[in-house]
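Everything below belongs to structure-v4.csv, which stores CSV, C-alpha atoms and all ligand atoms.
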chain,number,residue,atom,x,y,z
I,13,MET,CA,-14.3,4.0,-16.8
I,14,LEU,CA,-12.5,4.0,-13.4
I,15,LYS,CA,-10.2,7.0,-13.0
I,16,LEU,CA,-7.4,6.9,-10.5
I,17,HIS,CA,-5.8,10.1,-9.2
I,18,HIS,CA,-2.2,9.2,-8.8
I,19,ALA,CA,1.3,10.4,-7.9
I,20,PRO,CA,4.5,8.5,-8.4
I,21,ASN,CA,6.2,6.6,-5.5
I,22,SER,CA,3.0,6.6,-3.4
I,23,ARG,CA,0.3,4.2,-2.2
I,24,ALA,CA,-1.5,5.0,-5.4
I,25,GLY,CA,0.8,2.4,-7.0
I,26,ARG,CA,-1.1,-0.2,-4.9
I,27,ILE,CA,-4.2,0.6,-6.9
I,28,VAL,CA,-2.5,0.5,-10.2
I,29,TRP,CA,-1.0,-2.9,-9.2
I,30,LEU,CA,-4.5,-4.2,-8.2
I,31,LEU,CA,-6.1,-2.9,-11.5
I,32,GLU,CA,-3.4,-4.6,-13.5
I,33,GLU,CA,-3.8,-7.9,-11.6
I,34,LEU,CA,-7.5,-7.8,-12.3
I,35,GLU,CA,-7.0,-6.7,-15.9
I,36,LEU,CA,-9.5,-3.9,-15.5
I,37,PRO,CA,-9.5,-0.8,-17.8
I,38,TYR,CA,-8.7,2.4,-16.1
I,39,GLU,CA,-7.6,6.0,-16.7
I,40,LEU,CA,-4.8,7.6,-14.7
I,41,ASN,CA,-4.6,11.3,-13.7
I,42,LYS,CA,-0.9,11.6,-13.2
I,43,MET,CA,-0.1,14.3,-10.7
I,44,LYS,CA,3.3,15.4,-9.3
I,45,PHE,CA,4.1,14.3,-5.8
I,46,HIS,CA,4.3,18.0,-4.9
I,47,PRO,CA,2.0,20.5,-3.1
I,48,SER,CA,1.4,22.3,-6.4
I,49,ASP,CA,-0.7,19.4,-7.5
I,50,LEU,CA,-1.7,17.5,-4.4
I,51,LYS,CA,-2.7,20.6,-2.4
I,52,SER,CA,-4.4,22.4,-5.3
I,53,ASP,CA,-8.1,23.4,-4.9
I,54,GLU,CA,-9.0,20.9,-7.6
I,55,HIS,CA,-7.4,17.9,-5.8
I,56,ARG,CA,-8.6,19.0,-2.4
I,57,GLY,CA,-12.1,18.9,-3.9
I,58,ARG,CA,-11.4,15.1,-4.3
I,59,HIS,CA,-9.5,14.5,-1.0
I,60,PRO,CA,-9.8,17.1,1.8
I,61,LEU,CA,-6.2,16.4,2.9
I,62,GLY,CA,-4.9,16.5,-0.7
I,63,ARG,CA,-3.6,12.9,-0.7
I,64,VAL,CA,-3.5,10.0,-3.0
I,65,PRO,CA,-4.9,7.5,-4.0
I,66,VAL,CA,-8.3,8.8,-4.9
I,67,LEU,CA,-10.7,6.7,-7.1
I,68,GLU,CA,-13.4,8.2,-9.3
I,69,ASP,CA,-16.1,6.0,-10.6
I,70,GLY,CA,-18.9,8.0,-12.2
I,71,ASP,CA,-20.5,9.8,-9.3
I,72,VAL,CA,-18.4,8.0,-6.7
I,73,MET,CA,-15.3,9.7,-5.3
I,74,LEU,CA,-13.4,7.5,-2.8
I,75,TYR,CA,-10.1,7.8,-0.9
I,76,GLU,CA,-8.2,5.4,1.5
I,77,SER,CA,-6.3,2.7,-0.4
I,78,GLY,CA,-8.0,-0.1,1.6
I,79,ALA,CA,-11.5,1.1,0.9
I,80,ILE,CA,-10.6,1.6,-2.8
I,81,THR,CA,-9.2,-1.9,-3.0
I,82,GLU,CA,-12.4,-3.4,-1.4
I,83,TYR,CA,-14.6,-1.3,-3.6
I,84,ILE,CA,-12.9,-2.4,-6.8
I,85,ILE,CA,-12.9,-6.0,-5.8
I,86,GLU,CA,-16.6,-6.1,-4.9
I,87,ARG,CA,-18.1,-3.7,-7.4
I,88,HIS,CA,-15.9,-4.4,-10.5
I,89,ALA,CA,-14.4,-7.9,-10.0
I,90,ASN,CA,-17.0,-10.2,-8.4
I,91,GLY,CA,-15.0,-10.5,-5.2
I,92,ALA,CA,-11.8,-11.7,-6.9
I,93,LEU,CA,-8.5,-11.9,-5.0
I,94,LYS,CA,-10.4,-12.4,-1.7
I,95,PRO,CA,-11.6,-15.6,0.1
I,96,ASN,CA,-15.3,-16.1,0.9
I,97,VAL,CA,-16.4,-15.3,4.4
I,98,ASP,CA,-16.7,-19.0,5.2
I,99,ASP,CA,-13.2,-19.8,3.9
I,100,PRO,CA,-10.8,-20.9,6.7
I,101,MET,CA,-8.3,-18.2,5.5
I,102,TYR,CA,-10.8,-15.4,5.7
I,103,PRO,CA,-10.0,-14.2,9.2
I,104,GLU,CA,-6.3,-14.1,8.4
I,105,TYR,CA,-7.0,-12.3,5.1
I,106,LEU,CA,-8.8,-9.6,7.1
I,107,GLN,CA,-6.0,-9.4,9.6
I,108,TRP,CA,-3.2,-8.9,7.1
I,109,PHE,CA,-5.3,-6.6,4.9
I,110,HIS,CA,-5.7,-4.2,7.9
I,111,TYR,CA,-2.3,-4.8,9.5
I,112,CYS,CA,-1.0,-2.8,6.6
I,113,GLU,CA,-2.4,0.7,7.4
I,114,GLY,CA,-2.9,-0.2,11.1
I,115,MET,CA,0.6,-1.4,12.1
I,116,VAL,CA,3.1,-1.1,9.3
I,117,MET,CA,2.4,2.2,7.6
I,118,PRO,CA,2.4,4.4,10.7
I,119,PRO,CA,6.2,3.8,11.4
I,120,VAL,CA,6.9,3.8,7.6
I,121,ASN,CA,5.3,7.3,7.4
I,122,THR,CA,7.4,8.5,10.3
I,123,ILE,CA,10.6,7.2,8.8
I,124,VAL,CA,9.9,8.8,5.5
I,125,VAL,CA,9.0,12.1,7.2
I,126,GLN,CA,12.2,12.0,9.4
I,127,THR,CA,14.6,11.0,6.7
I,128,ILE,CA,13.3,12.5,3.4
I,129,LEU,CA,10.4,15.0,3.8
I,130,LEU,CA,11.6,17.2,6.7
I,131,PRO,CA,14.6,19.6,6.2
I,132,PRO,CA,17.6,18.3,8.2
I,133,GLU,CA,17.2,21.0,10.9
I,134,ARG,CA,13.7,19.9,11.8
I,135,ARG,CA,14.4,16.1,12.0
I,136,ASN,CA,14.1,14.3,15.3
I,137,GLU,CA,16.5,11.4,15.9
I,138,GLU,CA,14.4,10.0,18.8
I,139,ALA,CA,11.2,9.8,16.7
I,140,LEU,CA,13.2,8.2,13.9
I,141,GLY,CA,14.8,5.6,16.1
I,142,GLN,CA,11.5,4.7,17.8
I,143,ALA,CA,9.8,4.3,14.4
I,144,GLN,CA,12.6,2.1,13.1
I,145,ARG,CA,12.5,-0.1,16.1
I,146,LEU,CA,8.7,-0.4,15.9
I,147,LEU,CA,8.7,-1.2,12.2
I,148,THR,CA,11.5,-3.8,12.6
I,149,LYS,CA,9.3,-5.6,15.2
I,150,ALA,CA,6.0,-5.2,13.3
I,151,VAL,CA,7.3,-7.2,10.3
I,152,VAL,CA,8.4,-10.2,12.3
I,153,PRO,CA,4.9,-11.8,12.6
I,154,ILE,CA,4.5,-11.5,8.8
I,155,ASP,CA,7.7,-13.5,8.3
I,156,LYS,CA,6.3,-16.2,10.7
I,157,ALA,CA,2.9,-16.3,8.8
I,158,LEU,CA,4.7,-16.8,5.5
I,159,GLU,CA,6.4,-20.1,6.7
I,160,GLY,CA,5.5,-22.7,4.0
I,161,ARG,CA,3.4,-20.2,2.0
I,162,ASP,CA,4.1,-18.3,-1.2
I,163,TYR,CA,1.6,-15.5,-0.3
I,164,LEU,CA,0.0,-14.3,3.0
I,165,ILE,CA,-3.0,-16.6,2.9
I,166,GLY,CA,-1.4,-19.2,0.5
I,167,ASP,CA,-2.8,-18.0,-2.8
I,168,PHE,CA,-2.2,-14.4,-4.0
I,169,SER,CA,-4.9,-12.0,-2.6
I,170,ALA,CA,-5.7,-8.4,-2.1
I,171,ALA,CA,-4.0,-8.6,1.3
I,172,ASP,CA,-0.7,-9.0,-0.6
I,173,VAL,CA,-1.5,-5.8,-2.5
I,174,MET,CA,-1.9,-3.9,0.7
I,175,LEU,CA,0.6,-5.5,3.1
I,176,GLY,CA,3.0,-6.6,0.3
I,177,HIS,CA,3.5,-3.0,-0.7
I,178,ALA,CA,3.9,-1.9,2.9
I,179,CYS,CA,6.6,-4.6,3.4
I,180,TYR,CA,8.3,-3.6,0.2
I,181,MET,CA,8.5,0.0,1.6
I,182,SER,CA,9.8,-1.4,4.9
I,183,ARG,CA,12.6,-3.3,3.1
I,184,ARG,CA,13.6,-0.2,1.2
I,185,LEU,CA,13.8,1.6,4.5
I,186,GLY,CA,16.2,-1.0,5.9
I,187,CYS,CA,13.7,-2.5,8.4
I,188,VAL,CA,13.4,-6.1,7.1
I,189,GLY,CA,16.3,-8.1,8.6
I,190,ASP,CA,18.2,-10.6,6.5
I,191,ASP,CA,17.2,-13.2,9.0
I,192,LEU,CA,13.5,-12.9,8.0
I,193,THR,CA,14.1,-15.3,5.1
I,194,ASN,CA,10.4,-16.1,4.5
I,195,LEU,CA,9.6,-12.4,4.2
I,196,GLN,CA,12.7,-11.7,2.0
I,197,ALA,CA,11.7,-14.5,-0.4
I,198,TYR,CA,8.1,-13.3,-0.4
I,199,LEU,CA,9.1,-9.8,-1.3
I,200,ASP,CA,11.2,-11.1,-4.2
I,201,ARG,CA,8.1,-12.9,-5.5
I,202,VAL,CA,6.0,-9.8,-5.1
I,203,GLU,CA,8.4,-7.6,-6.9
I,204,ALA,CA,8.7,-10.1,-9.8
I,205,ARG,CA,5.0,-9.9,-10.5
I,206,PRO,CA,4.5,-8.0,-13.8
I,207,ALA,CA,1.5,-6.1,-12.4
I,208,PHE,CA,3.5,-5.0,-9.4
I,209,GLN,CA,6.2,-3.6,-11.8
I,210,LYS,CA,3.5,-1.8,-13.8
I,211,GLY,CA,2.0,-0.4,-10.6
I,212,PHE,CA,5.2,1.1,-9.4
I,213,ASN,CA,6.5,2.4,-12.7
I,214,ALA,CA,3.2,4.2,-13.6
M,1,LIG,N1,-4.3,5.9,4.7
M,1,LIG,C1,-4.3,6.6,3.5
M,1,LIG,C2,-3.0,7.3,3.4
M,1,LIG,C3,-2.9,8.3,2.2
M,1,LIG,C4,-1.6,9.0,2.1
M,1,LIG,O1,-1.0,9.5,3.1
M,1,LIG,N2,-1.0,9.2,0.9
M,1,LIG,C5,0.3,9.8,0.7
M,1,LIG,C6,1.1,9.1,-0.4
M,1,LIG,S1,1.6,7.5,0.0
M,1,LIG,C7,0.1,11.3,0.3
M,1,LIG,O2,-0.8,11.5,-0.5
M,1,LIG,N3,0.9,12.2,0.8
M,1,LIG,C8,0.9,13.5,0.4
M,1,LIG,C9,0.9,14.5,1.5
M,1,LIG,O3,0.9,14.1,2.7
M,1,LIG,O4,1.0,15.7,1.2
M,1,LIG,C10,-4.4,5.5,2.3
M,1,LIG,O5,-4.2,4.4,2.6
M,1,LIG,O6,-4.8,5.9,1.2
Please express what this file holds, its structure, as structure tokens.
Ligand SMILES: N[C@@H](CCC(=O)N[C@@H](CS)C(=O)NCC(=O)O)C(=O)O
Amino acid sequence: MLKLHHAPNSRAGRIVWLLEELELPYELNKMKFHPSDLKSDEHRGRHPLGRVPVLEDGDVMLYESGAITEYIIERHANGALKPNVDDPMYPEYLQWFHYCEGMVMPPVNTIVVQTILLPPERRNEEALGQAQRLLTKAVVPIDKALEGRDYLIGDFSAADVMLGHACYMSRRLGCVGDDLTNLQAYLDRVEARPAFQKGFNA
């Protein structure tokens, strides 16, 4: 059975969300979001940086949420939640799937570090402001792409699992403007999905 190494309030929720959407059986190793669990020798044996998510599937041990998502879809779900390569939406699917960790999550990470993880005396206002401005700009093209669509490529896909979660984080961090009405409505749809709720309450 697939085993997901997990910590609450993290990207590991994306993988729970995906597994729930696909109705696949899985086991959760619930760790604390704390160095005592994530930086333990045992977990560093799974991920050299002591991060989550990590997926275990028999002899396979895999980290990086995007790689795990693709692996599950291809090896365990016959390519579900993904358009075929000759589908007109395939290029956009790829773009939004990778826009998540490539463009949106870097400023999200900086904001979380500068507002939550660092003690107040080590925080840097300039780094925080720069990340907030970048993130606020990075979500604008997503709002445009959602014009007339319920999900990023029309139908719900794994790109929504990746980028939908990143946008959910961006909204919680106050970087999705009220004027981005397509993105605001999309996030309400995403958050209402039962599998999303299971993913982030695991
Ligand atoms: N690009 C990686 C990022 C993994 C990552 O940074 N995970 C965070 C949780 S969202 C983590 O484990 N942080 C713990 C730490 O930095 O100590 C992915 O998409 O899986």
Counting only C-alpha atoms, closest pick from I:Leu147, I:Leu164, I:Val97, I:Ala24 relative to Gly176 (chain I) is I:Leu164
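Restricting the calculation to only C-alpha atoms, the smallest distance between Gly78 (chain I) and any of I:Cys112, I:Leu140, I:Leu199, I:Cys187 is found for I:Cys112.
Excluding region 41-52 of chain I itself and any same-chain residue fewer than 5 positions from it, the protein and nucleic acid residues within 6 Å of it, counting all atoms listed in the file, are I:His17, I:His18, I:Ala19, I:Gly62.
Closest approach to Leu158 (chain I) among I:Glu54, I:Glu104, I:Glu86, I:Glu138 is made by I:Glu104 (distances from only C-alpha atoms).
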| Surroundings of ligand LIG 1 (chain M) up to 10 Å, based on all atoms listed in the file, as an MDAnalysis selection string | chainID I and resid 18:27 45:47 49:51 59 61:66 74:81 112:114 117:118 120:121 125 129 174
Correct to one decimal, the distance CA of Ala143 (chain I)-CA of Gly189 (chain I) is 15.2 Å
Using all atoms listed in the file, the best pick from I:Val152, I:Val72, I:Ala207, I:Leu185 as closest to Thr127 (chain I) would be I:Leu185
At a cut-off of 12 Å around the point (-12.9, 2.4, -14.0) (file coordinates), what residues fall inside when counting all atoms listed in the file? I'd like the answer as an MDAnalysis selection string. chainID I and resid 13:17 27:28 31:32 34:40 67:73 80 83:85 87:89
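Minimum distance to Val202 (chain I) across I:Asp172, I:Asp190, I:Glu133, I:Glu33 (counting all atoms listed in the file) occurs at I:Asp172.
Excluding Tyr102 (chain I) itself and any same-chain residue fewer than 3 positions from it, the protein and nucleic acid residues within 12 Å of it, counting all atoms listed in the file, are Leu93, Lys94, Pro95, Asn96, Val97, Asp98, Asp99, Tyr105, Leu106, Gln107, Trp108, Phe109, Leu164, Ile165, Gly166, Asp167, Ser169, Ala170 and Ala171 of chain I.
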Taken to one decimal, the CA of Trp29 (chain I)-CA of Lys210 (chain I) distance is 6.5 Å
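For the residues I:Leu146, I:Met115, I:Val173, I:Leu192, ranking by smallest atom-to-atom distance to Gly211 (chain I) using only C-alpha atoms places I:Val173 first.
Pairwise distance (CA of Glu159 (chain I), CA of Ile123 (chain I)) equals 27.7 Å.
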